[in-house]
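K.L.:
The structure file upload_22.cif (mmCIF, C-alpha atoms) is provided below.
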```
data_work
#
loop_
_atom_site.label_atom_id
_atom_site.label_comp_id
_atom_site.auth_asym_id
_atom_site.auth_seq_id
_atom_site.Cartn_x
_atom_site.Cartn_y
_atom_site.Cartn_z
CA ASP D 1 9.99 -6.29 -20.29
CA THR D 2 10.04 -9.29 -22.63
CA ALA D 3 13.82 -8.93 -22.97
CA PHE D 4 14.23 -9.12 -19.20
CA PRO D 5 14.71 -12.64 -17.77
CA ALA D 6 12.64 -13.66 -14.75
CA VAL D 7 15.78 -13.73 -12.60
CA HIS D 8 15.96 -9.92 -12.97
CA TRP D 9 13.03 -9.45 -10.57
CA VAL D 10 14.45 -12.02 -8.14
CA MET D 11 17.77 -10.17 -8.20
CA MET D 12 15.94 -6.89 -7.67
CA GLY D 13 14.13 -8.49 -4.75
CA LEU D 14 17.46 -8.82 -2.92
CA ASN D 15 18.49 -5.17 -3.12
CA PRO D 16 18.41 -3.20 0.17
CA THR D 17 14.74 -2.21 -0.28
CA GLY D 18 13.60 -5.38 -2.04
CA SER D 19 11.66 -3.24 -4.51
CA PHE D 20 12.12 -1.48 -7.83
CA THR D 21 15.17 0.72 -8.25
CA PRO D 22 16.29 2.55 -11.41
CA ALA D 23 19.84 1.32 -10.79
CA ASP D 24 18.81 -2.34 -11.06
CA GLU D 25 16.82 -1.66 -14.21
CA ALA D 26 19.76 0.20 -15.77
CA TYR D 27 22.08 -2.66 -14.75
CA THR D 28 20.04 -5.27 -16.62
CA MET D 29 19.50 -3.00 -19.61
CA GLY D 30 23.27 -2.60 -19.86
CA PHE D 31 23.64 -6.16 -21.18
CA GLU D 32 23.00 -6.97 -24.84
CA GLY D 33 20.63 -9.86 -25.42
CA ARG D 34 18.48 -11.97 -23.14
CA GLU D 35 21.15 -14.54 -22.27
CA ALA D 36 23.71 -11.88 -21.33
CA LYS D 37 21.09 -10.19 -19.15
CA LYS D 38 20.31 -13.51 -17.48
CA GLU D 39 23.97 -14.23 -16.72
CA GLY D 40 24.57 -10.72 -15.38
CA ASP D 41 21.48 -10.81 -13.16
CA MET D 42 22.35 -14.27 -11.84
CA ARG D 43 25.85 -13.11 -10.97
CA LEU D 44 24.55 -10.09 -9.05
CA LEU D 45 21.87 -12.24 -7.40
CA LYS D 46 24.50 -14.61 -6.02
CA GLU D 47 26.64 -11.71 -4.80
CA ARG D 48 23.72 -10.15 -2.93
CA ALA D 49 22.63 -13.47 -1.41
CA LYS D 50 26.17 -14.16 -0.20
CA GLU D 51 26.51 -10.67 1.26
CA LEU D 52 23.18 -10.86 3.11
CA GLY D 53 23.55 -14.38 4.43
CA PRO D 54 20.61 -16.49 5.67
CA GLY D 55 19.76 -14.12 8.52
CA GLY D 56 19.86 -11.03 6.32
CA ILE D 57 17.72 -12.67 3.65
CA ALA D 58 15.14 -13.72 6.24
CA LYS D 59 14.96 -10.18 7.65
CA LEU D 60 14.66 -8.68 4.16
CA TYR D 61 11.86 -11.11 3.31
CA MET D 62 9.93 -10.07 6.42
CA ASP D 63 10.43 -6.40 5.55
CA LYS D 64 9.16 -7.07 2.03
CA LEU D 65 6.05 -8.81 3.33
CA SER D 66 5.38 -5.88 5.64
CA GLY D 67 5.91 -3.33 2.88
CA THR D 68 3.71 -5.21 0.43
CA PHE D 69 0.78 -6.28 2.58
CA ALA D 70 0.68 -3.83 5.50
CA ASP D 71 -1.18 -1.16 3.51
CA GLY D 72 -4.84 -2.06 3.21
CA ALA D 73 -5.25 0.34 0.29
CA GLY D 74 -2.76 -1.51 -1.89
CA GLY D 75 -1.10 1.76 -2.86
CA TYR D 76 -3.93 2.52 -5.28
CA HIS D 77 -3.71 6.27 -4.62
CA SER D 78 -0.19 6.48 -6.03
CA GLU D 79 -0.28 3.79 -8.72
CA LEU D 80 -3.75 4.11 -10.24
CA SER D 81 -4.42 7.84 -10.07
CA LEU D 82 -4.19 8.63 -13.79
CA SER D 83 -7.33 10.48 -14.87
CA ARG D 84 -8.79 12.69 -17.58
CA ASP D 85 -10.52 15.37 -15.53
CA TYR D 86 -9.13 15.37 -11.95
CA GLY D 87 -12.44 16.60 -10.59
CA ILE D 88 -14.06 16.44 -7.18
CA LEU D 89 -14.35 12.63 -7.24
CA TRP D 90 -10.63 12.26 -8.01
CA LYS D 91 -9.82 14.71 -5.22
CA TYR D 92 -11.60 12.62 -2.59
CA VAL D 93 -10.53 9.22 -3.91
CA TYR D 94 -6.93 9.88 -5.01
CA GLY D 95 -6.05 13.47 -4.13
CA THR D 96 -5.40 15.53 -1.04
CA HIS D 97 -8.75 14.62 0.58
CA ARG D 98 -8.52 10.84 0.24
CA ASP D 99 -8.25 10.27 4.02
CA TYR D 100 -11.85 9.04 4.34
CA ILE D 101 -11.48 6.41 1.63
CA LEU D 102 -8.14 5.31 3.06
CA LEU D 103 -9.67 4.95 6.51
CA LEU D 104 -12.48 2.78 5.18
CA THR D 105 -10.09 0.58 3.21
CA GLN D 106 -7.85 0.13 6.25
CA LEU D 107 -10.78 -0.78 8.51
CA PHE D 108 -12.11 -3.24 5.96
CA TYR D 109 -8.67 -4.76 5.45
CA LEU D 110 -8.15 -5.07 9.20
CA ALA D 111 -11.50 -6.80 9.61
CA SER D 112 -10.60 -9.16 6.77
CA LEU D 113 -7.32 -10.07 8.45
CA PHE D 114 -9.08 -10.82 11.74
CA MET D 115 -11.62 -13.04 10.03
CA SER D 116 -8.83 -14.73 8.08
CA LEU D 117 -7.09 -15.37 11.40
CA TYR D 118 -10.30 -16.99 12.62
CA ILE D 119 -10.08 -19.34 9.62
CA VAL D 120 -6.48 -20.19 10.53
CA ILE D 121 -7.54 -21.03 14.08
CA ASN D 122 -10.24 -23.29 12.70
CA PHE D 123 -7.65 -24.87 10.44
CA ILE D 124 -5.51 -25.69 13.46
CA LYS D 125 -8.60 -27.20 15.09
CA LYS D 126 -9.20 -29.17 11.86
CA ASP D 127 -12.58 -27.51 11.46
CA ILE D 128 -12.34 -25.86 8.05
CA SER D 129 -14.21 -26.10 4.75
CA PRO D 130 -12.44 -27.30 1.56
CA GLU D 131 -13.05 -23.91 -0.06
CA ALA D 132 -11.26 -22.07 2.73
CA PHE D 133 -8.35 -24.52 2.61
CA VAL D 134 -7.80 -23.93 -1.13
CA ILE D 135 -7.94 -20.14 -0.72
CA MET D 136 -5.53 -20.31 2.22
CA LEU D 137 -3.03 -22.19 0.05
CA PHE D 138 -3.34 -19.54 -2.65
CA VAL D 139 -2.79 -16.65 -0.22
CA LEU D 140 0.13 -18.44 1.42
CA GLY D 141 1.69 -19.04 -1.99
CA SER D 142 1.29 -15.34 -2.80
CA PHE D 143 3.16 -14.46 0.39
CA PHE D 144 6.04 -16.75 -0.54
CA PHE D 145 6.12 -15.36 -4.07
CA GLN D 146 6.38 -11.77 -2.84
CA MET D 147 9.23 -12.77 -0.57
CA ILE D 148 11.49 -13.65 -3.49
CA TRP D 149 10.09 -11.31 -6.17
CA GLU D 150 10.38 -7.55 -6.46
CA ALA D 151 8.18 -6.16 -3.68
CA GLY D 152 5.67 -3.36 -3.97
CA THR D 153 2.45 -2.33 -2.27
CA ILE D 154 0.58 -2.40 -5.57
CA TYR D 155 1.24 -6.14 -5.88
CA SER D 156 -0.96 -6.86 -2.87
CA ILE D 157 -4.11 -5.87 -4.77
CA GLY D 158 -4.09 -9.18 -6.62
CA ILE D 159 -4.72 -11.23 -3.48
CA TYR D 160 -7.29 -8.93 -1.86
CA PRO D 161 -10.28 -10.74 -3.41
CA TYR D 162 -9.02 -13.98 -1.87
CA VAL D 163 -8.42 -12.35 1.51
CA PHE D 164 -11.96 -10.96 1.36
CA ALA D 165 -13.24 -14.43 0.48
CA LEU D 166 -11.49 -15.75 3.59
CA CYS D 167 -13.17 -12.94 5.51
CA VAL D 168 -16.61 -14.09 4.35
CA LEU D 169 -15.80 -17.72 5.15
CA GLY D 170 -14.50 -16.62 8.54
CA LEU D 171 -17.72 -14.73 9.27
CA ASN D 172 -19.78 -17.76 8.32
CA ALA D 173 -17.62 -20.01 10.49
CA LYS D 174 -17.96 -17.55 13.36
CA LYS D 175 -21.75 -17.51 13.04
CA GLU D 176 -21.87 -21.29 12.88
CA GLY D 177 -19.69 -21.47 15.97
CA GLU D 178 -21.94 -19.03 17.82
CA ALA D 179 -25.00 -21.03 16.80
CA ARG D 180 -23.45 -24.21 18.18
CA LYS D 181 -22.53 -22.38 21.36
CA GLU D 182 -26.10 -21.16 21.78
CA GLU D 183 -27.32 -24.71 21.50
CA ASN D 184 -24.91 -25.85 24.21
CA ASP D 185 -25.22 -22.87 26.54
CA ASP D 186 -28.42 -22.06 28.35
CA VAL D 187 -27.28 -18.53 29.16
CA ARG D 188 -25.22 -16.28 26.93
CA LYS D 189 -22.65 -13.99 28.44
CA PRO D 190 -23.92 -10.44 28.99
CA GLY D 191 -22.82 -8.07 26.28
CA PHE D 192 -21.75 -10.76 23.84
CA ARG D 193 -24.74 -10.23 21.60
CA TYR D 194 -23.85 -6.55 21.38
CA GLY D 195 -20.26 -7.13 20.25
CA ASN D 196 -20.93 -6.46 16.58
CA LYS D 197 -23.00 -3.38 17.37
CA SER D 198 -20.35 -1.92 19.65
CA GLY D 199 -17.72 -2.48 16.96
CA PHE D 200 -19.88 -0.63 14.47
CA PHE D 201 -20.40 2.34 16.78
CA ILE D 202 -16.68 2.53 17.61
CA SER D 203 -15.83 2.59 13.89
CA ALA D 204 -18.51 5.19 13.20
CA ALA D 205 -17.22 7.37 16.05
CA GLY D 206 -13.69 7.17 14.65
CA PHE D 207 -14.92 8.15 11.19
CA ILE D 208 -16.86 11.12 12.57
CA ALA D 209 -13.80 12.18 14.56
CA LEU D 210 -11.73 12.16 11.37
CA ILE D 211 -14.26 14.42 9.65
CA ALA D 212 -14.23 16.76 12.65
CA VAL D 213 -10.43 16.98 12.57
CA HIS D 214 -10.53 17.71 8.85
CA LEU D 215 -13.05 20.52 9.34
CA ARG D 216 -11.10 21.94 12.27
CA TYR D 217 -7.69 21.70 10.59
CA PRO D 218 -8.09 22.05 6.82
CA ARG D 219 -5.10 20.92 4.79
CA GLU D 220 -3.35 22.14 1.67
CA SER D 221 -5.37 21.41 -1.44
CA VAL D 222 -3.81 20.56 -4.81
CA ILE D 223 -5.83 21.40 -7.91
CA VAL D 224 -4.57 19.09 -10.65
CA SER D 225 -4.83 19.82 -14.36
CA VAL D 226 -2.44 17.12 -15.62
CA ASP D 227 -0.74 14.26 -13.78
CA GLN D 228 0.88 12.23 -16.55
CA PHE D 229 3.35 10.29 -14.39
CA LEU D 230 3.82 7.27 -16.67
CA PHE D 231 7.04 6.75 -18.60
CA GLN D 232 8.12 3.94 -20.87
CA ALA D 233 9.92 3.86 -24.20
CA ASN D 234 12.33 1.68 -26.09
CA ASP D 235 15.72 3.41 -26.14
CA PRO D 236 14.59 6.80 -24.77
CA ILE D 237 16.29 9.69 -26.53
CA ALA D 238 18.41 12.28 -24.72
CA LEU D 239 17.62 15.92 -25.47
CA SER D 240 20.84 17.25 -26.95
CA ASP D 241 21.98 20.34 -28.87
CA GLY D 242 19.67 21.44 -31.68
CA MET D 243 16.77 19.28 -30.45
CA GLU D 244 13.45 20.36 -28.99
CA ILE D 245 10.58 18.67 -27.18
CA LYS D 246 7.08 20.10 -27.45
CA GLN D 247 4.11 18.91 -25.41
CA SER D 248 0.63 20.36 -25.80
CA PHE D 249 -1.93 20.18 -23.03
CA VAL D 250 -5.34 21.53 -22.06
CA SER D 251 -6.29 23.17 -18.77
CA ASP D 252 -9.42 25.09 -17.84
CA LYS D 253 -8.20 25.41 -14.24
CA ASP D 254 -5.76 27.79 -12.61
CA PHE D 255 -2.25 26.39 -12.28
CA SER D 256 1.03 27.72 -10.90
CA ILE D 257 3.42 24.76 -11.18
CA ILE D 258 4.69 22.56 -14.01
CA SER D 259 6.90 19.57 -13.17
CA LEU D 260 9.14 17.50 -15.42
CA LYS D 261 10.92 14.20 -14.76
CA ALA D 262 14.27 13.20 -16.28
CA ARG D 263 17.13 10.72 -16.18
CA ASN D 264 20.32 12.32 -14.92
CA PHE D 265 23.25 9.91 -15.11
CA GLU D 266 25.87 12.48 -14.05
CA GLY D 267 23.98 13.71 -11.00
CA GLN D 268 25.38 16.90 -9.46
CA PHE D 269 28.15 16.94 -12.07
CA ASN D 270 25.72 17.36 -14.97
CA ASP D 271 26.61 20.70 -16.59
CA SER D 272 23.65 20.94 -18.96
CA VAL D 273 21.25 23.88 -18.98
CA TYR D 274 17.80 23.73 -20.57
CA GLU D 275 15.25 26.38 -21.45
CA VAL D 276 11.65 25.48 -20.63
CA SER D 277 9.01 27.73 -22.17
CA LEU D 278 5.25 27.90 -21.77
CA LYS D 279 3.26 29.12 -24.76
CA ASP D 280 -0.43 29.47 -25.48
CA GLY D 281 -2.23 27.61 -28.24
CA ASN D 282 -1.28 30.31 -30.77
CA GLY D 283 2.43 29.95 -30.02
CA ASP D 284 2.70 33.20 -28.07
CA LEU D 285 5.27 33.04 -25.27
CA ILE D 286 3.92 33.23 -21.73
CA LYS D 287 7.03 32.57 -19.63
CA THR D 288 10.47 30.96 -19.79
CA ASN D 289 12.40 29.17 -17.04
CA GLU D 290 15.78 27.46 -16.96
CA ILE D 291 16.57 23.98 -15.66
CA TYR D 292 20.10 23.12 -14.56
CA GLY D 293 21.09 19.50 -15.01
CA LYS D 294 22.88 19.40 -11.65
CA ASP D 295 19.59 20.23 -9.92
CA MET D 296 17.64 17.40 -11.57
CA THR D 297 17.38 14.31 -9.37
CA ASP D 298 17.35 11.07 -11.33
CA TYR D 299 13.78 9.79 -11.83
CA GLU D 300 12.31 12.61 -9.72
CA PHE D 301 9.99 15.47 -10.69
CA THR D 302 11.50 18.95 -10.77
CA THR D 303 9.03 21.81 -10.29
CA MET D 304 8.97 25.20 -12.02
CA ASP D 305 6.77 28.24 -11.53
CA PHE D 306 4.40 28.77 -14.45
CA GLU D 307 1.02 30.47 -14.21
CA ASN D 308 -1.96 30.07 -16.48
CA VAL D 309 -3.44 32.94 -18.46
CA PRO D 310 -7.12 33.71 -17.73
CA GLY D 311 -9.29 32.69 -20.65
CA VAL D 312 -6.62 30.47 -22.22
CA THR D 313 -7.14 26.69 -22.19
CA ASP D 314 -4.66 25.43 -24.82
CA TYR D 315 -0.98 25.44 -23.88
CA GLU D 316 2.35 24.09 -25.06
CA ILE D 317 5.54 23.23 -23.17
CA SER D 318 8.79 23.64 -25.10
CA ILE D 319 12.16 22.28 -23.91
CA LYS D 320 15.50 23.18 -25.56
CA LYS D 321 19.10 22.71 -24.53
CA ILE D 322 21.07 25.93 -24.03
CA SER D 323 24.53 24.75 -23.03
CA GLY D 324 26.65 22.00 -21.49
CA GLU D 325 28.43 18.85 -22.57
CA ASN D 326 26.11 16.50 -20.69
CA ASP D 327 22.50 15.72 -21.55
CA LEU D 328 19.27 14.87 -19.76
CA ILE D 329 16.72 12.31 -20.87
CA PHE D 330 13.33 13.89 -20.26
CA LEU D 331 11.05 10.95 -19.60
CA TYR D 332 8.05 10.24 -21.78
CA TYR D 333 5.58 7.49 -22.59
CA ASP D 334 5.80 6.05 -26.09
CA THR D 335 4.93 2.37 -26.50
CA GLY D 336 2.76 2.74 -29.59
CA HIS D 337 -0.04 0.86 -27.85
CA THR D 338 -2.04 3.59 -26.14
CA ASP D 339 -2.27 7.34 -25.78
CA VAL D 340 -2.04 7.99 -22.04
CA TYR D 341 -2.82 11.70 -22.42
CA PRO D 342 -5.22 12.12 -25.36
CA LYS D 343 -5.76 15.83 -24.66
CA GLY D 344 -2.23 16.62 -25.80
CA LYS D 345 0.68 15.35 -27.84
CA MET D 346 4.47 15.27 -27.64
CA THR D 347 6.53 16.07 -30.73
CA GLY D 348 10.16 16.72 -31.53
CA ILE D 349 12.12 13.57 -30.73
CA THR D 350 9.80 10.75 -31.79
CA GLY D 351 7.60 10.18 -34.81
CA SER D 352 4.83 8.61 -32.76
CA ASP D 353 1.32 10.04 -32.71
CA THR D 354 0.64 8.69 -29.22
CA ALA D 355 3.76 9.86 -27.35
CA ASP D 356 3.37 12.05 -24.27
CA LEU D 357 5.85 13.76 -22.00
CA THR D 358 5.96 12.78 -18.33
CA PHE D 359 4.75 15.98 -16.69
CA GLU D 360 2.48 17.50 -14.06
CA VAL D 361 0.45 20.71 -14.11
CA TYR D 362 -1.22 21.83 -10.90
CA ASP D 363 -1.94 24.59 -8.39
CA LYS D 364 -1.63 24.60 -4.62
CA GLU D 365 -4.15 26.22 -2.33
CA GLU D 366 -3.12 26.87 1.24
CA PRO D 367 -5.71 26.27 4.00
CA GLY D 368 -8.12 29.17 4.26
CA GLU D 369 -7.64 30.41 0.71
#
```
Let me see whether you can do it: turn the structure in this file into structure tokens.

P.N.:
Amino acid sequence: DTAFPAVHWVMMGLNPTGSFTPADEAYTMGFEGREAKKEGDMRLLKERAKELGPGGIAKLYMDKLSGTFADGAGGYHSELSLSRDYGILWKYVYGTHRDYILLLTQLFYLASLFMSLYIVINFIKKDISPEAFVIMLFVLGSFFFQMIWEAGTIYSIGIYPYVFALCVLGLNAKKEGEARKEENDDVRKPGFRYGNKSGFFISAAGFIALIAVHLRYPRESVIVSVDQFLFQANDPIALSDGMEIKQSFVSDKDFSIISLKARNFEGQFNDSVYEVSLKDGNGDLIKTNEIYGKDMTDYEFTTMDFENVPGVTDYEISIKKISGENDLIFLYYDTGHTDVYPKGKMTGITGSDTADLTFEVYDKEEPGE
């Protein structure tokens, strides 16, 4: 990213979604040198701004704010789900049964927004503490920043501590206001003192209802062995004729699906064919599948049927090109800084000891199984 000028993310923030797209990244990477990238991004930025016009930019900015800050979970379940074991805790925090955690985060976020609104009302009334004023400025600045920058739900996590701080200040201000009201009123309105309790019981009832629905209508469960979804490398290498990628991995769970992610610049016109093999730790072949380049969606996982062998825990994925003039770039993570999947290793196209293929290994259980 150090070769990318800051204007790249502003330019990306004016695309139709206002968020990351592989096309924008490829566009900037297509220029040699930082200055050339800056000029190219600035040119595209001006074109997009002119095409949108003031009204279009304003609407896009509102959509970006909604997409970034509307989710009280901050997109953690899709961005921060990398794990080593994928056990029961992962299943209920990140996996198919994360509904309870998501509900709690949404309720907490909603309460924080209401208390923050209370602070804003006090600000209008000029009854606000200096601490709350400073935090409000920070949050407001974050909103403006996300309007012009590349948008993404994950970026909202950075301001949550400040929103929660506003929530606490709002609660304190609310209590102080109630105390002053009690001093001025001889009689409190019936039911007012039970407002907080009723809110608690309503929330608890909703949570219990969610559990009841889950028990009544069980959903599909995904048993994950590997979910190495990260990819980053300087000048990623296409898998061409005579080349082979090998990725070892460990699984003590049953699995039935292996997924790979690739760059496909030719789309449906890609004529390449690849052989994907699964072997055990001794190199004995378990099964072979074929991947057709035309069926690989750019930057998307493609699934294949592969089943584990009972008693075997060490496996290896092998990818070779069979035919075709076009190539695919099977994505992998190789920055030299960290090993994102220490239980396995990718070999064949890089000399790094910490490189790992971008791949998934999992099994699906239908309800009732």

K.L.:
Determine the residue membership of the PyMOL selection byres ((chain D and resi 152) around 10) for the file above and supply it as an MDAnalysis selection string.

P.N.:
chainID D and resid 13 17:20 64:69 74:75 146 149:151 153:156

K.L.:
Tell me, as a PyMOL selection string, which residues lie within 10 Å of Gly283 of chain D, counting all atoms listed in the file; anything in the same chain fewer than 5 positions away does not count.

P.N.:
chain D and resi 278+314-316

K.L.:
To one decimal place, how far is atom CA of Tyr341 of chain D from atom CA of Gln228 of chain D in Å?

P.N.:
7.0 Å

K.L.:
Taking the file as shown, what set of residues would the PyMOL selection byres ((chain D and resi 343-358) around 9) give back, as a VMD selection string?

P.N.:
chain D and resid 84 227 to 231 237 to 239 243 to 250 259 to 262 316 330 to 342 359 to 360

K.L.:
Have a look at D:Leu52, D:Ile148, D:Ala73, D:Val222 and name the one nearest to Leu102 of chain D; count all atoms listed in the file.

P.N.:
D:Ala73

K.L.:
Could you work out how far atom CA of Tyr299 of chain D lies from atom CA of Ile322 of chain D, giving the answer in Å with one decimal?

P.N.:
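We find that atom CA of Ile322 of chain D and atom CA of Tyr299 of chain D lie 21.5 Å from each other.
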
K.L.:
List the residues matched by the PyMOL selection byres ((chain D and resi 165) around 12) in the displayed structure as a compact mmCIF listing (two decimals) with C-alpha atoms, keeping the file's coordinate frame, ordered by chain and then by residue number.

P.N.:
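Resulting contents of out25.txt:
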```txt
# COMPACT_ATOMS: atom_id res chain seq x y z
CA TYR D 109 -8.67 -4.76 5.45
CA SER D 112 -10.60 -9.16 6.77
CA LEU D 113 -7.32 -10.07 8.45
CA MET D 115 -11.62 -13.04 10.03
CA SER D 116 -8.83 -14.73 8.08
CA ILE D 119 -10.08 -19.34 9.62
CA GLU D 131 -13.05 -23.91 -0.06
CA ALA D 132 -11.26 -22.07 2.73
CA PHE D 133 -8.35 -24.52 2.61
CA VAL D 134 -7.80 -23.93 -1.13
CA ILE D 135 -7.94 -20.14 -0.72
CA MET D 136 -5.53 -20.31 2.22
CA PHE D 138 -3.34 -19.54 -2.65
CA VAL D 139 -2.79 -16.65 -0.22
CA ILE D 159 -4.72 -11.23 -3.48
CA TYR D 160 -7.29 -8.93 -1.86
CA PRO D 161 -10.28 -10.74 -3.41
CA TYR D 162 -9.02 -13.98 -1.87
CA VAL D 163 -8.42 -12.35 1.51
CA PHE D 164 -11.96 -10.96 1.36
CA LEU D 166 -11.49 -15.75 3.59
CA CYS D 167 -13.17 -12.94 5.51
CA VAL D 168 -16.61 -14.09 4.35
CA LEU D 169 -15.80 -17.72 5.15
CA GLY D 170 -14.50 -16.62 8.54
CA LEU D 171 -17.72 -14.73 9.27
CA ASN D 172 -19.78 -17.76 8.32
```

K.L.:
Please indicate the distance in Å from atom CA of Pro5 of chain D to atom CA of Leu45 of chain D, rounded to one decimal place.

P.N.:
12.6 Å

K.L.:
For Ile258 of chain D, please output as a list in words all residues within 10 Å (counting all atoms listed in the file; exclusion window: fewer than 5 positions along the same chain).

P.N.:
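The residues that qualify are Ser225, Val226, Asp227, Leu278, Phe301, Thr302, Thr303, Met304, Asp305, Phe306, Glu307, Ile317, Phe359, Glu360, Val361, Tyr362 and Asp363 of chain D.
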
K.L.:
Would you mind putting all heavy atoms back on segment 225-232 of chain D and writing the result as a PDB file, keeping the file's coordinate frame?

P.N.:
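Printed below is rebuild.pdb as written:
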```pdb
ATOM      1  N   SER D 225      -4.393  19.723 -12.968  1.00  0.00           N
ATOM      2  CA  SER D 225      -4.830  19.820 -14.360  1.00  0.00           C
ATOM      3  C   SER D 225      -4.321  18.626 -15.167  1.00  0.00           C
ATOM      4  O   SER D 225      -5.044  18.055 -15.979  1.00  0.00           O
ATOM      5  CB  SER D 225      -4.323  21.118 -15.000  1.00  0.00           C
ATOM      6  OG  SER D 225      -4.889  22.252 -14.376  1.00  0.00           O
ATOM      7  N   VAL D 226      -3.048  18.270 -14.946  1.00  0.00           N
ATOM      8  CA  VAL D 226      -2.440  17.120 -15.620  1.00  0.00           C
ATOM      9  C   VAL D 226      -1.538  16.394 -14.629  1.00  0.00           C
ATOM     10  O   VAL D 226      -0.774  17.032 -13.902  1.00  0.00           O
ATOM     11  CB  VAL D 226      -1.592  17.549 -16.850  1.00  0.00           C
ATOM     12  CG1 VAL D 226      -1.014  16.315 -17.546  1.00  0.00           C
ATOM     13  CG2 VAL D 226      -2.412  18.371 -17.824  1.00  0.00           C
ATOM     14  N   ASP D 227      -1.639  15.073 -14.608  1.00  0.00           N
ATOM     15  CA  ASP D 227      -0.740  14.260 -13.780  1.00  0.00           C
ATOM     16  C   ASP D 227      -0.329  13.043 -14.603  1.00  0.00           C
ATOM     17  O   ASP D 227      -0.680  11.910 -14.300  1.00  0.00           O
ATOM     18  CB  ASP D 227      -1.436  13.831 -12.486  1.00  0.00           C
ATOM     19  CG  ASP D 227      -0.487  13.089 -11.548  1.00  0.00           C
ATOM     20  OD1 ASP D 227       0.737  13.211 -11.733  1.00  0.00           O
ATOM     21  OD2 ASP D 227      -0.973  12.386 -10.641  1.00  0.00           O
ATOM     22  N   GLN D 228       0.436  13.294 -15.659  1.00  0.00           N
ATOM     23  CA  GLN D 228       0.880  12.230 -16.550  1.00  0.00           C
ATOM     24  C   GLN D 228       2.217  11.707 -16.013  1.00  0.00           C
ATOM     25  O   GLN D 228       3.282  12.156 -16.422  1.00  0.00           O
ATOM     26  CB  GLN D 228       1.036  12.771 -17.977  1.00  0.00           C
ATOM     27  CG  GLN D 228       0.990  11.728 -19.085  1.00  0.00           C
ATOM     28  CD  GLN D 228       1.917  10.553 -18.907  1.00  0.00           C
ATOM     29  OE1 GLN D 228       1.571   9.574 -18.223  1.00  0.00           O
ATOM     30  NE2 GLN D 228       3.098  10.634 -19.487  1.00  0.00           N
ATOM     31  N   PHE D 229       2.143  10.758 -15.073  1.00  0.00           N
ATOM     32  CA  PHE D 229       3.350  10.290 -14.390  1.00  0.00           C
ATOM     33  C   PHE D 229       3.956   9.040 -15.023  1.00  0.00           C
ATOM     34  O   PHE D 229       5.009   8.570 -14.588  1.00  0.00           O
ATOM     35  CB  PHE D 229       3.031   9.989 -12.915  1.00  0.00           C
ATOM     36  CG  PHE D 229       1.943   8.970 -12.720  1.00  0.00           C
ATOM     37  CD1 PHE D 229       2.228   7.619 -12.712  1.00  0.00           C
ATOM     38  CD2 PHE D 229       0.629   9.377 -12.548  1.00  0.00           C
ATOM     39  CE1 PHE D 229       1.225   6.681 -12.534  1.00  0.00           C
ATOM     40  CE2 PHE D 229      -0.387   8.444 -12.368  1.00  0.00           C
ATOM     41  CZ  PHE D 229      -0.083   7.089 -12.361  1.00  0.00           C
ATOM     42  N   LEU D 230       3.309   8.490 -16.052  1.00  0.00           N
ATOM     43  CA  LEU D 230       3.820   7.270 -16.670  1.00  0.00           C
ATOM     44  C   LEU D 230       5.002   7.564 -17.591  1.00  0.00           C
ATOM     45  O   LEU D 230       5.060   8.616 -18.235  1.00  0.00           O
ATOM     46  CB  LEU D 230       2.716   6.587 -17.476  1.00  0.00           C
ATOM     47  CG  LEU D 230       1.497   6.098 -16.690  1.00  0.00           C
ATOM     48  CD1 LEU D 230       0.462   5.527 -17.639  1.00  0.00           C
ATOM     49  CD2 LEU D 230       1.906   5.063 -15.656  1.00  0.00           C
ATOM     50  N   PHE D 231       5.935   6.634 -17.653  1.00  0.00           N
ATOM     51  CA  PHE D 231       7.040   6.750 -18.600  1.00  0.00           C
ATOM     52  C   PHE D 231       7.474   5.353 -19.024  1.00  0.00           C
ATOM     53  O   PHE D 231       7.620   4.454 -18.209  1.00  0.00           O
ATOM     54  CB  PHE D 231       8.221   7.532 -18.018  1.00  0.00           C
ATOM     55  CG  PHE D 231       8.793   6.955 -16.758  1.00  0.00           C
ATOM     56  CD1 PHE D 231       9.811   6.004 -16.795  1.00  0.00           C
ATOM     57  CD2 PHE D 231       8.321   7.365 -15.522  1.00  0.00           C
ATOM     58  CE1 PHE D 231      10.338   5.479 -15.632  1.00  0.00           C
ATOM     59  CE2 PHE D 231       8.842   6.844 -14.345  1.00  0.00           C
ATOM     60  CZ  PHE D 231       9.858   5.898 -14.402  1.00  0.00           C
ATOM     61  N   GLN D 232       7.628   5.186 -20.308  1.00  0.00           N
ATOM     62  CA  GLN D 232       8.120   3.940 -20.870  1.00  0.00           C
ATOM     63  C   GLN D 232       8.395   4.159 -22.348  1.00  0.00           C
ATOM     64  O   GLN D 232       7.569   4.721 -23.066  1.00  0.00           O
ATOM     65  CB  GLN D 232       7.113   2.804 -20.692  1.00  0.00           C
ATOM     66  CG  GLN D 232       7.634   1.455 -21.174  1.00  0.00           C
ATOM     67  CD  GLN D 232       6.666   0.329 -20.886  1.00  0.00           C
ATOM     68  OE1 GLN D 232       5.751   0.471 -20.075  1.00  0.00           O
ATOM     69  NE2 GLN D 232       6.839  -0.792 -21.550  1.00  0.00           N
TER      70      GLN D 232
END
```
